[in-house]
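File shown: target_6.cif. Contents: mmCIF, C-alpha atoms.
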data_upload
#
loop_
_atom_site.label_atom_id
_atom_site.label_comp_id
_atom_site.auth_asym_id
_atom_site.auth_seq_id
_atom_site.Cartn_x
_atom_site.Cartn_y
_atom_site.Cartn_z
CA MET A 1 57.31 -12.12 8.07
CA GLU A 2 58.05 -8.49 7.09
CA ARG A 3 56.03 -9.05 3.90
CA ASN A 4 52.97 -10.19 5.91
CA LYS A 5 53.26 -7.10 8.10
CA VAL A 6 53.33 -4.79 5.06
CA SER A 7 50.46 -6.72 3.48
CA GLN A 8 48.41 -6.38 6.68
CA GLN A 9 49.17 -2.63 6.85
CA ASN A 10 48.04 -2.21 3.23
CA GLU A 11 44.86 -4.15 3.94
CA ASN A 12 44.16 -1.98 6.99
CA LEU A 13 44.72 1.20 4.94
CA LEU A 14 42.36 -0.05 2.23
CA HIS A 15 39.71 -0.90 4.83
CA GLU A 16 40.04 2.58 6.41
CA GLU A 17 39.88 4.26 2.99
CA LEU A 18 36.77 2.28 2.04
CA ALA A 19 35.13 3.23 5.35
CA GLU A 20 35.98 6.92 4.80
CA ASN A 21 34.69 6.90 1.23
CA THR A 22 31.49 5.13 2.24
CA ALA A 23 30.93 7.72 4.97
CA LYS A 24 31.56 10.59 2.52
CA LEU A 25 29.08 9.19 0.00
CA PRO A 26 25.97 8.18 1.96
CA GLU A 27 24.01 8.01 -1.30
CA LEU A 28 26.33 5.25 -2.49
CA ASN A 29 24.13 2.19 -2.40
CA VAL A 30 26.61 -0.58 -1.66
CA ILE A 31 27.38 -2.57 1.46
CA GLY A 32 30.19 -0.88 3.36
CA PRO A 33 32.38 -2.11 6.23
CA ASN A 34 30.06 -0.37 8.72
CA THR A 35 26.81 -1.67 7.20
CA GLU A 36 24.58 -3.50 9.65
CA ILE A 37 23.26 -6.83 8.35
CA VAL A 38 19.98 -7.93 9.97
CA TYR A 39 19.13 -11.62 9.54
CA ARG A 40 15.41 -12.04 10.32
CA GLU A 41 13.93 -15.49 10.74
CA ARG A 42 10.18 -15.14 10.28
CA TYR A 43 8.38 -18.06 11.88
CA VAL A 44 4.97 -18.45 10.27
CA LYS A 45 3.79 -21.55 12.10
CA GLY A 46 1.27 -20.09 14.52
CA VAL A 47 0.99 -16.33 14.95
CA GLU A 48 3.88 -14.76 13.01
CA TYR A 49 7.01 -14.31 15.12
CA ASN A 50 10.27 -12.63 14.08
CA ARG A 51 13.72 -13.35 15.48
CA ASP A 52 16.49 -10.94 14.42
CA VAL A 53 20.24 -11.44 14.53
CA VAL A 54 22.30 -8.33 13.78
CA GLU A 55 25.87 -8.60 12.50
CA GLY A 56 28.43 -6.36 10.88
CA ALA A 57 29.23 -6.72 7.21
CA THR A 58 31.87 -9.32 6.45
CA ALA A 59 34.69 -8.71 3.98
CA GLU A 60 32.91 -11.12 1.63
CA VAL A 61 29.90 -8.78 1.19
CA VAL A 62 31.56 -5.35 1.46
CA GLY A 63 31.21 -3.53 -1.86
CA MET A 64 28.16 -5.50 -3.03
CA THR A 65 25.30 -3.70 -4.75
CA LYS A 66 21.69 -4.57 -3.99
CA GLU A 67 21.52 -6.91 -6.98
CA GLU A 68 24.72 -8.72 -5.98
CA ALA A 69 23.51 -9.01 -2.38
CA GLU A 70 20.15 -10.38 -3.51
CA GLU A 71 21.88 -13.18 -5.42
CA TYR A 72 24.40 -13.88 -2.64
CA PHE A 73 21.82 -14.05 0.17
CA LYS A 74 19.27 -15.91 -1.97
CA ASN A 75 21.78 -18.78 -2.05
CA LYS A 76 21.70 -18.74 1.76
CA GLY A 77 17.88 -18.84 1.87
CA TYR A 78 17.26 -15.14 2.60
CA LEU A 79 15.39 -12.43 0.68
CA VAL A 80 16.67 -8.85 0.72
CA ILE A 81 13.78 -6.74 2.06
CA ASP A 82 15.55 -3.43 2.68
CA PHE A 83 18.92 -2.27 1.35
CA SER A 84 21.07 0.77 2.09
CA ASN A 85 24.72 1.37 2.90
CA GLU A 86 23.68 1.67 6.57
CA ARG A 87 21.52 -1.44 6.94
CA VAL A 88 20.51 -4.53 4.98
CA LEU A 89 17.40 -6.42 6.16
CA LEU A 90 17.23 -10.08 5.15
CA VAL A 91 14.26 -12.37 5.77
CA LYS A 92 13.92 -16.14 5.76
CA ASP A 93 10.46 -17.68 6.24
CA ILE A 94 10.42 -20.76 8.46
CA LYS A 95 7.14 -22.58 7.97
CA ASP A 96 7.50 -25.99 9.54
CA LYS A 97 8.80 -25.41 13.06
CA TRP A 98 8.56 -23.19 16.11
CA PRO A 99 11.45 -20.93 17.25
CA SER A 100 13.65 -22.96 19.61
CA GLY A 101 14.10 -21.69 23.16
CA CYS A 102 10.73 -19.92 23.17
CA PHE A 103 7.36 -20.66 24.74
CA VAL A 104 4.03 -21.00 22.93
CA VAL A 105 0.58 -20.30 24.34
CA LYS A 106 -1.67 -22.68 22.43
CA GLU A 107 -4.87 -24.69 22.70
CA LYS A 108 -4.69 -28.21 24.15
CA ASP A 109 -7.89 -30.26 24.43
CA GLY A 110 -10.00 -27.10 24.52
CA PHE A 111 -7.93 -25.37 27.21
CA VAL A 112 -5.20 -22.71 27.09
CA ALA A 113 -1.79 -24.33 27.57
CA ILE A 114 1.87 -23.35 27.58
CA PHE A 115 4.44 -25.29 25.61
CA GLU A 116 8.21 -25.00 25.53
CA VAL A 117 9.93 -25.22 22.15
CA ASP A 118 12.84 -27.69 22.12
CA GLU A 119 16.05 -27.43 20.07
CA ASN A 120 14.32 -29.22 17.15
CA GLY A 121 11.48 -26.69 17.02
CA GLU A 122 8.97 -29.13 18.52
CA LEU A 123 6.47 -28.33 21.29
CA LYS A 124 6.73 -29.89 24.75
CA LEU A 125 3.84 -29.34 27.14
CA VAL A 126 4.68 -27.25 30.23
CA LYS A 127 1.20 -26.85 31.69
CA VAL A 128 -2.49 -26.82 30.86
CA THR A 129 -4.56 -24.08 32.50
CA GLU A 130 -8.18 -24.27 33.60
CA LEU A 131 -9.04 -21.51 31.12
CA LYS A 132 -11.23 -22.69 28.24
CA VAL A 133 -10.32 -21.42 24.80
CA THR A 134 -14.04 -20.84 24.09
CA ASP A 135 -14.14 -18.29 26.96
CA LEU A 136 -11.62 -16.01 25.19
CA PRO A 137 -12.58 -13.04 23.00
CA ASP A 138 -12.54 -13.89 19.26
CA THR A 139 -9.15 -12.34 18.44
CA ASP A 140 -7.44 -13.94 21.43
CA ARG A 141 -9.11 -17.29 20.69
CA GLU A 142 -7.81 -17.26 17.11
CA GLU A 143 -4.25 -16.48 18.31
CA VAL A 144 -4.32 -19.26 20.92
CA ILE A 145 -5.65 -21.77 18.41
CA LYS A 146 -2.78 -20.87 16.02
CA GLY A 147 -0.20 -20.57 18.81
CA LYS A 148 1.36 -17.36 20.11
CA VAL A 149 5.14 -17.25 20.70
CA TYR A 150 6.91 -15.66 23.69
CA GLU A 151 10.59 -15.33 24.55
CA SER A 152 10.14 -16.42 28.18
CA LEU A 153 7.87 -18.50 30.38
CA GLU A 154 7.23 -15.35 32.41
CA ASP A 155 5.89 -13.54 29.33
CA ALA A 156 3.65 -16.50 28.46
CA ASN A 157 2.30 -16.61 32.03
CA GLU A 158 1.61 -12.85 31.91
CA LEU A 159 -0.59 -13.37 28.86
CA ILE A 160 -2.58 -16.02 30.66
CA GLU A 161 -2.95 -13.71 33.66
CA GLU A 162 -4.33 -11.04 31.31
CA TYR A 163 -6.85 -13.55 29.96
CA THR A 164 -8.06 -14.42 33.45
CA SER A 165 -8.31 -10.85 34.80
#

Would you put the structure from the file into structure tokens?
Amino acid sequence: MERNKVSQQNENLLHEELAENTAKLPELNVIGPNTEIVYRERYVKGVEYNRDVVEGATAEVVGMTKEEAEEYFKNKGYLVIDFSNERVLLVKDIKDKWPSGCFVVKEKDGFVAIFEVDENGELKLVKVTELKVTDLPDTDREEVIKGKVYESLEDANELIEEYTS
């Protein structure tokens, strides 16, 4: 038990030393213990929509260079878009489903409608409005035909209110 305590103390000291050295050398381009890792899921079905999850660096990635991180995260389906010792931005394109838990304003039988996205990324109709897609300005019409994603039903309803005002 005493051995585990000493081992844990040594590990803590190493972690603190690495954090101090990373802070002293901001030009050092490796992932440090305080590096923020941003996992971005880029949904490209419909109008592009990004969902970010931000986490701290795990012990597994601390000390990795950009090249090492690119290989590591490639195996998890992500591309490294931006890399510094402060923040790593990773992106994964999701082409075949909608972001679960969101709402989509999309065309249904020529009218503007709101759909809820289920846990499988599939659309479930919430309501169809009386607003015709053909009555929308060109840019808005194109977005509604593709499908525009919102975090909440309230946000989706606000868009429809803007269309009707």

### Query
Selected by the PyMOL selection byres ((chain A and resi 111) around 8) in the shown coordinates: which residues, as a PyMOL selection string?
chain A and resi 107-110+112-113+128-133

### Query
Hey, what comes out of the PyMOL selection byres ((chain A and resi 44) around 9) on this file? Could you write it as JSON, numbers by chain?
{"A": [42, 43, 45, 46, 47, 48, 49, 50, 93, 94, 95, 96, 97, 98]}

### Query
Care to translate the PyMOL selection byres ((chain A and resi 150) around 12) into actual residues of this file, as a ChimeraX atom specification?
/A:46-51,98-106,114-117,147-149,151-160

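Among the candidates A:Val144, A:Lys74, A:Val88, A:Asp52, the one nearest to Gly32 of chain A when counting only C-alpha atoms is A:Val88.
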
Sel. within 9 Å of pt (15.2, -7.6, 12.1), counting all atoms listed in the file, output as a compact mmCIF listing (two decimals) with C-alpha atoms, in the frame of the given file:
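The file below, point35.txt, is the result:
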# COMPACT_ATOMS: atom_id res chain seq x y z
CA ILE A 37 23.26 -6.83 8.35
CA VAL A 38 19.98 -7.93 9.97
CA TYR A 39 19.13 -11.62 9.54
CA ARG A 40 15.41 -12.04 10.32
CA GLU A 41 13.93 -15.49 10.74
CA ASN A 50 10.27 -12.63 14.08
CA ARG A 51 13.72 -13.35 15.48
CA ASP A 52 16.49 -10.94 14.42
CA VAL A 53 20.24 -11.44 14.53
CA VAL A 54 22.30 -8.33 13.78
CA LEU A 89 17.40 -6.42 6.16
CA LEU A 90 17.23 -10.08 5.15
CA VAL A 91 14.26 -12.37 5.77

Output segment 62-85 of chain A as a PDB file, in the coordinates of the input, making sure N, CA, C and O atoms are there.
ATOM      1  N   VAL A  62      31.241  -6.776   1.593  1.00  0.00           N
ATOM      2  CA  VAL A  62      31.560  -5.350   1.460  1.00  0.00           C
ATOM      3  C   VAL A  62      31.778  -5.024  -0.017  1.00  0.00           C
ATOM      4  O   VAL A  62      32.482  -5.734  -0.725  1.00  0.00           O
ATOM      5  N   GLY A  63      31.109  -3.965  -0.464  1.00  0.00           N
ATOM      6  CA  GLY A  63      31.210  -3.530  -1.860  1.00  0.00           C
ATOM      7  C   GLY A  63      30.094  -4.050  -2.744  1.00  0.00           C
ATOM      8  O   GLY A  63      29.966  -3.633  -3.892  1.00  0.00           O
ATOM      9  N   MET A  64      29.251  -4.951  -2.222  1.00  0.00           N
ATOM     10  CA  MET A  64      28.160  -5.500  -3.030  1.00  0.00           C
ATOM     11  C   MET A  64      27.050  -4.480  -3.244  1.00  0.00           C
ATOM     12  O   MET A  64      26.691  -3.730  -2.344  1.00  0.00           O
ATOM     13  N   THR A  65      26.494  -4.483  -4.447  1.00  0.00           N
ATOM     14  CA  THR A  65      25.300  -3.700  -4.750  1.00  0.00           C
ATOM     15  C   THR A  65      24.085  -4.496  -4.288  1.00  0.00           C
ATOM     16  O   THR A  65      24.211  -5.669  -3.894  1.00  0.00           O
ATOM     17  N   LYS A  66      22.925  -3.885  -4.380  1.00  0.00           N
ATOM     18  CA  LYS A  66      21.690  -4.570  -3.990  1.00  0.00           C
ATOM     19  C   LYS A  66      21.501  -5.852  -4.815  1.00  0.00           C
ATOM     20  O   LYS A  66      21.181  -6.902  -4.268  1.00  0.00           O
ATOM     21  N   GLU A  67      21.716  -5.760  -6.103  1.00  0.00           N
ATOM     22  CA  GLU A  67      21.520  -6.910  -6.980  1.00  0.00           C
ATOM     23  C   GLU A  67      22.481  -8.051  -6.624  1.00  0.00           C
ATOM     24  O   GLU A  67      22.098  -9.218  -6.598  1.00  0.00           O
ATOM     25  N   GLU A  68      23.733  -7.702  -6.358  1.00  0.00           N
ATOM     26  CA  GLU A  68      24.720  -8.720  -5.980  1.00  0.00           C
ATOM     27  C   GLU A  68      24.360  -9.345  -4.636  1.00  0.00           C
ATOM     28  O   GLU A  68      24.472 -10.563  -4.455  1.00  0.00           O
ATOM     29  N   ALA A  69      23.902  -8.507  -3.704  1.00  0.00           N
ATOM     30  CA  ALA A  69      23.510  -9.010  -2.380  1.00  0.00           C
ATOM     31  C   ALA A  69      22.291  -9.911  -2.484  1.00  0.00           C
ATOM     32  O   ALA A  69      22.218 -10.933  -1.799  1.00  0.00           O
ATOM     33  N   GLU A  70      21.346  -9.539  -3.346  1.00  0.00           N
ATOM     34  CA  GLU A  70      20.150 -10.380  -3.510  1.00  0.00           C
ATOM     35  C   GLU A  70      20.528 -11.786  -3.968  1.00  0.00           C
ATOM     36  O   GLU A  70      20.024 -12.780  -3.442  1.00  0.00           O
ATOM     37  N   GLU A  71      21.435 -11.878  -4.919  1.00  0.00           N
ATOM     38  CA  GLU A  71      21.880 -13.180  -5.420  1.00  0.00           C
ATOM     39  C   GLU A  71      22.658 -13.949  -4.346  1.00  0.00           C
ATOM     40  O   GLU A  71      22.432 -15.129  -4.124  1.00  0.00           O
ATOM     41  N   TYR A  72      23.565 -13.259  -3.673  1.00  0.00           N
ATOM     42  CA  TYR A  72      24.400 -13.880  -2.640  1.00  0.00           C
ATOM     43  C   TYR A  72      23.532 -14.447  -1.503  1.00  0.00           C
ATOM     44  O   TYR A  72      23.691 -15.602  -1.097  1.00  0.00           O
ATOM     45  N   PHE A  73      22.621 -13.620  -0.975  1.00  0.00           N
ATOM     46  CA  PHE A  73      21.820 -14.050   0.170  1.00  0.00           C
ATOM     47  C   PHE A  73      20.704 -15.016  -0.222  1.00  0.00           C
ATOM     48  O   PHE A  73      20.260 -15.817   0.594  1.00  0.00           O
ATOM     49  N   LYS A  74      20.266 -14.949  -1.475  1.00  0.00           N
ATOM     50  CA  LYS A  74      19.270 -15.910  -1.970  1.00  0.00           C
ATOM     51  C   LYS A  74      19.830 -17.329  -1.852  1.00  0.00           C
ATOM     52  O   LYS A  74      19.129 -18.259  -1.480  1.00  0.00           O
ATOM     53  N   ASN A  75      21.125 -17.471  -2.147  1.00  0.00           N
ATOM     54  CA  ASN A  75      21.780 -18.780  -2.050  1.00  0.00           C
ATOM     55  C   ASN A  75      21.877 -19.273  -0.604  1.00  0.00           C
ATOM     56  O   ASN A  75      22.143 -20.448  -0.368  1.00  0.00           O
ATOM     57  N   LYS A  76      21.684 -18.369   0.351  1.00  0.00           N
ATOM     58  CA  LYS A  76      21.700 -18.740   1.760  1.00  0.00           C
ATOM     59  C   LYS A  76      20.281 -18.832   2.335  1.00  0.00           C
ATOM     60  O   LYS A  76      20.099 -18.985   3.539  1.00  0.00           O
ATOM     61  N   GLY A  77      19.265 -18.687   1.463  1.00  0.00           N
ATOM     62  CA  GLY A  77      17.880 -18.840   1.870  1.00  0.00           C
ATOM     63  C   GLY A  77      17.193 -17.562   2.339  1.00  0.00           C
ATOM     64  O   GLY A  77      16.093 -17.607   2.871  1.00  0.00           O
ATOM     65  N   TYR A  78      17.826 -16.410   2.140  1.00  0.00           N
ATOM     66  CA  TYR A  78      17.260 -15.140   2.600  1.00  0.00           C
ATOM     67  C   TYR A  78      16.849 -14.261   1.416  1.00  0.00           C
ATOM     68  O   TYR A  78      17.499 -14.281   0.372  1.00  0.00           O
ATOM     69  N   LEU A  79      15.794 -13.459   1.633  1.00  0.00           N
ATOM     70  CA  LEU A  79      15.390 -12.430   0.680  1.00  0.00           C
ATOM     71  C   LEU A  79      15.833 -11.081   1.215  1.00  0.00           C
ATOM     72  O   LEU A  79      15.719 -10.822   2.413  1.00  0.00           O
ATOM     73  N   VAL A  80      16.316 -10.201   0.331  1.00  0.00           N
ATOM     74  CA  VAL A  80      16.670  -8.850   0.720  1.00  0.00           C
ATOM     75  C   VAL A  80      15.380  -8.027   0.730  1.00  0.00           C
ATOM     76  O   VAL A  80      14.732  -7.873  -0.297  1.00  0.00           O
ATOM     77  N   ILE A  81      15.010  -7.511   1.906  1.00  0.00           N
ATOM     78  CA  ILE A  81      13.780  -6.740   2.060  1.00  0.00           C
ATOM     79  C   ILE A  81      14.058  -5.245   2.029  1.00  0.00           C
ATOM     80  O   ILE A  81      13.291  -4.470   1.492  1.00  0.00           O
ATOM     81  N   ASP A  82      15.178  -4.837   2.624  1.00  0.00           N
ATOM     82  CA  ASP A  82      15.550  -3.430   2.680  1.00  0.00           C
ATOM     83  C   ASP A  82      17.057  -3.343   2.460  1.00  0.00           C
ATOM     84  O   ASP A  82      17.802  -4.180   2.985  1.00  0.00           O
ATOM     85  N   PHE A  83      17.496  -2.355   1.691  1.00  0.00           N
ATOM     86  CA  PHE A  83      18.920  -2.270   1.350  1.00  0.00           C
ATOM     87  C   PHE A  83      19.373  -0.817   1.346  1.00  0.00           C
ATOM     88  O   PHE A  83      18.814   0.015   0.638  1.00  0.00           O
ATOM     89  N   SER A  84      20.384  -0.527   2.145  1.00  0.00           N
ATOM     90  CA  SER A  84      21.070   0.770   2.090  1.00  0.00           C
ATOM     91  C   SER A  84      22.497   0.529   2.554  1.00  0.00           C
ATOM     92  O   SER A  84      22.827  -0.563   3.022  1.00  0.00           O
ATOM     93  N   ASN A  85      23.344   1.563   2.445  1.00  0.00           N
ATOM     94  CA  ASN A  85      24.720   1.370   2.900  1.00  0.00           C
ATOM     95  C   ASN A  85      24.808   1.363   4.420  1.00  0.00           C
ATOM     96  O   ASN A  85      25.834   1.020   4.979  1.00  0.00           O
TER      97      ASN A  85
END
